[in-house]
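A.B. asks: Pasting in a structure now, in structure tokens, and then I'll have a few things to ask.
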Amino acid sequence: MIAALEIDNLSVVYDEFHALKDVSLAVERGESFGLVGESGSGKSTLLRAVAGLAPISSGAIRIDGEALRGSKRSKTFYRRVQMVFQDPYGSLHPRQTIDRLLLEPLAIHDIDDSERRIERALDEVGLGNGFRFRYPHQLSGGQRQRVAIARALIVEPSILLLDEPTSALDASVQAEVLNLLEQIRRDRKLTFVMVSHDLGVVTHMCERLAVMRNGAVVERLSSRELAEGAVHEDYTRNLMIASKGFVKA
Ligand SMILES: Nc1ncnc2c1ncn2[C@@H]1O[C@H](COP(=O)(O)OP(=O)(O)OP(=O)(O)O)[C@@H](O)[C@H]1O
């Protein structure tokens, strides 16, 4: 079976600095895959490279078997991968209504049918049509993140890249948004790649994960293995100790 996302020997180099070194991963369709690692280990860079937001120095990224690189990537390629960032304030333009914010990706991808899609997306993230003409500052943090999720979903991607999607939220709101994401993944049969510094969140949401250090993958394991402390690297054990509330290694 063709993997939803295949990353082969991917490297990203900024000037002389190797932010990613020969990273290889395969994520199956419908799977929720986690990326963990200390700050600066390259997790966001990996997501950004898949989304076309970081320059690929060498290696390949395939989505549903289709490999395209650099400027040769088509719009439909990008449409299949959407990203949700940690800080919805940063990703939602403050002077645009929710309606405008949702129309923007539709315009970029030349998608008609905006009325139906906006209604469906808002409904799906638990915000009714009443939110359409509000501005981001008129929403709570959790509601803003729901808008960011709706904005990613509206172009009907097959993969959602989630970069610390709930780290900026209070604990109870965090659980609500994680449950919402899980529901959406099942309903839409989406593939997730999720970055979180919180190992509890990753093991709750993902079946398998990769541990990153200094731009490389140092260990791959299942969430069950992580939860049971069946890890090989001391580095992974240290991440477990550092992650608040996670099983002590
Ligand atoms: N545009 C850029 N130019 C130069 N260096 C960059 C750029 N983007 C990221 N880096 C560097 O690449 C390394 C990896 O950064 P990245 O944001 O991927 O780490 P991360 O694991 O996501 O960290 P965090 O958990 O703190 O978000 C860091 O050392 C960072 O400074």
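Chain identifiers are assigned as A, B, and so on, following the order in which chains appear in the structure tokens; residues are numbered from 1 within each chain, and ligands are numbered from 1 in order of appearance.
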Write out, as JSON lines, each residue of region 52-147 of chain A that has an atom at most 10 Å from region 9-20 of chain A, together with the closest pair of atoms and their distance in Å to one decimal, counting only C-alpha atoms, rows going by chain and rising number.
C.D. replies:
```
{"residue": "A:Ala54", "atom": "CA", "partner": "A:Val12", "partner_atom": "CA", "distance": 7.5}
{"residue": "A:Pro55", "atom": "CA", "partner": "A:Val12", "partner_atom": "CA", "distance": 6.3}
{"residue": "A:Ile56", "atom": "CA", "partner": "A:Val12", "partner_atom": "CA", "distance": 5.2}
{"residue": "A:Ser57", "atom": "CA", "partner": "A:Val12", "partner_atom": "CA", "distance": 5.0}
{"residue": "A:Ser58", "atom": "CA", "partner": "A:Ser11", "partner_atom": "CA", "distance": 5.2}
{"residue": "A:Gly59", "atom": "CA", "partner": "A:Leu10", "partner_atom": "CA", "distance": 4.1}
{"residue": "A:Ala60", "atom": "CA", "partner": "A:Leu10", "partner_atom": "CA", "distance": 6.0}
{"residue": "A:Ile61", "atom": "CA", "partner": "A:Leu10", "partner_atom": "CA", "distance": 7.5}
```
A.B. asks: Which residues form the shell of 7 Å around ligand 1 when you count only C-alpha atoms and all ligand atoms, given as a ChimeraX atom specification?
C.D. replies: /A:14,17,19,37-46,197,215
A.B. asks: Go ahead and save the picked residues with N, CA and C atoms, as a tab-separated table (two decimals), in the first residue's frame.
C.D. replies:
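Below you can see part_18.tsv, which holds the result:
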```tsv
chain	number	residue	atom	x	y	z
A	14	TYR	N	20.19	25.58	6.36
A	14	TYR	CA	20.10	27.04	6.34
A	14	TYR	C	21.52	27.58	6.41
A	17	PHE	N	24.00	25.70	8.40
A	17	PHE	CA	23.41	24.95	9.50
A	17	PHE	C	22.44	23.86	9.02
A	19	ALA	N	19.56	21.92	9.64
A	19	ALA	CA	18.38	21.84	10.52
A	19	ALA	C	17.75	20.44	10.45
A	37	GLY	N	10.85	15.66	20.62
A	37	GLY	CA	12.29	15.97	20.67
A	37	GLY	C	12.48	17.30	21.34
A	38	GLU	N	13.71	17.53	21.80
A	38	GLU	CA	13.95	18.78	22.52
A	38	GLU	C	13.81	19.98	21.59
A	39	SER	N	13.73	21.15	22.20
A	39	SER	CA	13.60	22.39	21.44
A	39	SER	C	14.78	22.53	20.47
A	40	GLY	N	14.47	22.86	19.22
A	40	GLY	CA	15.54	23.05	18.23
A	40	GLY	C	15.96	21.75	17.55
A	41	SER	N	15.26	20.64	17.82
A	41	SER	CA	15.67	19.35	17.24
A	41	SER	C	15.23	19.20	15.78
A	42	GLY	N	14.36	20.10	15.31
A	42	GLY	CA	13.99	20.06	13.89
A	42	GLY	C	12.56	19.64	13.60
A	43	LYS	N	11.73	19.53	14.64
A	43	LYS	CA	10.35	19.04	14.45
A	43	LYS	C	9.55	19.98	13.54
A	44	SER	N	9.59	21.27	13.87
A	44	SER	CA	8.83	22.24	13.06
A	44	SER	C	9.39	22.32	11.66
A	45	THR	N	10.70	22.26	11.54
A	45	THR	CA	11.33	22.32	10.22
A	45	THR	C	10.83	21.17	9.35
A	46	LEU	N	10.69	20.00	9.96
A	46	LEU	CA	10.21	18.85	9.20
A	46	LEU	C	8.78	19.09	8.69
A	197	HIS	N	5.54	18.92	22.58
A	197	HIS	CA	6.57	18.69	23.59
A	197	HIS	C	5.98	17.90	24.75
A	215	GLY	N	18.28	17.54	14.48
A	215	GLY	CA	17.90	17.42	13.07
A	215	GLY	C	17.81	16.00	12.54
```
A.B. asks: When distances are computed from only C-alpha atoms, which of A:His204, A:Arg95, A:Arg48, A:Lys21 shows the smallest separation from Gln138 (chain A)?
C.D. replies: A:Arg95
A.B. asks: Can you tell me, as a list in words, which residues in region 78-203 of chain A count as strand (DSSP E) by DSSP?
C.D. replies: Val81, Gln82, Met83, Val84, Ile159, Leu160, Leu161, Leu162, Asp163, Thr191, Phe192, Val193, Met194 and Val195 of chain A
A.B. asks: For Val173 (chain A), which residue out of A:Val201, A:Val50, A:Gly142, A:Arg120 is the nearest one, using only C-alpha atoms?
C.D. replies: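 Nearest candidate to Val173 (chain A) out of A:Val201, A:Val50, A:Gly142, A:Arg120: A:Gly142.
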A.B. asks: Rounded to one decimal in Å, what is the spacing between CA of Ala152 (chain A) and CA of Cys206 (chain A)?
C.D. replies: 19.5 Å
A.B. asks: Report as a list in words all protein, DNA and RNA residues lying within 10 Å of Gly34 (chain A), evaluated on only C-alpha atoms, omitting residues in the same chain fewer than 2 positions from it.
C.D. replies: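 So the residues in contact are Val27, Glu31, Ser32, Val36, Lys43, Leu162, Phe192, Val193, Met194, Val195, Ser196, Leu199, Val201, Val202, Thr203, Met205, Cys206, Glu207, Arg208, Leu209, Ala210, Val211, Arg220, Leu221, Ser222 and Ser223 of chain A.
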A.B. asks: Generate the output file for the selected residues, C-alpha atoms, as a PDB file, in the first residue's frame.
C.D. replies:
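Everything below was put into again_18.pdb:
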```pdb
ATOM      1  CA  VAL A  27       3.175   7.607   7.636  1.00  0.00           C
ATOM      2  CA  GLU A  31      -2.579   7.186  10.856  1.00  0.00           C
ATOM      3  CA  SER A  32      -1.774   9.736  13.511  1.00  0.00           C
ATOM      4  CA  VAL A  36       8.874  14.610  19.714  1.00  0.00           C
ATOM      5  CA  LYS A  43      10.353  19.041  14.450  1.00  0.00           C
ATOM      6  CA  LEU A 162      -0.234  19.915  13.596  1.00  0.00           C
ATOM      7  CA  PHE A 192      -2.089  13.481  11.076  1.00  0.00           C
ATOM      8  CA  VAL A 193       1.505  14.344  11.788  1.00  0.00           C
ATOM      9  CA  MET A 194       1.613  16.015  15.172  1.00  0.00           C
ATOM     10  CA  VAL A 195       4.430  17.777  17.005  1.00  0.00           C
ATOM     11  CA  SER A 196       4.154  18.235  20.734  1.00  0.00           C
ATOM     12  CA  LEU A 199       4.472  13.286  25.620  1.00  0.00           C
ATOM     13  CA  VAL A 201      -0.611  14.498  24.378  1.00  0.00           C
ATOM     14  CA  VAL A 202       1.412  12.616  21.766  1.00  0.00           C
ATOM     15  CA  THR A 203       0.784   9.173  23.236  1.00  0.00           C
ATOM     16  CA  MET A 205      -3.260  11.138  20.002  1.00  0.00           C
ATOM     17  CA  CYS A 206      -0.727   9.036  18.066  1.00  0.00           C
ATOM     18  CA  GLU A 207      -0.053   5.343  17.559  1.00  0.00           C
ATOM     19  CA  ARG A 208       3.571   5.713  16.503  1.00  0.00           C
ATOM     20  CA  LEU A 209       6.167   8.379  16.914  1.00  0.00           C
ATOM     21  CA  ALA A 210       9.670   9.424  15.981  1.00  0.00           C
ATOM     22  CA  VAL A 211      12.113  11.014  18.409  1.00  0.00           C
ATOM     23  CA  ARG A 220      11.086   5.260  16.378  1.00  0.00           C
ATOM     24  CA  LEU A 221       8.603   3.597  18.657  1.00  0.00           C
ATOM     25  CA  SER A 222       4.943   3.047  19.388  1.00  0.00           C
ATOM     26  CA  SER A 223       3.072   5.112  21.952  1.00  0.00           C
TER      27      SER A 223
END
```
A.B. asks: Tell me, as a count of residues only, which residues lie within 12 Å of Leu139 (chain A), counting only C-alpha atoms; anything in the same chain fewer than 2 positions away does not count.
C.D. replies: 23
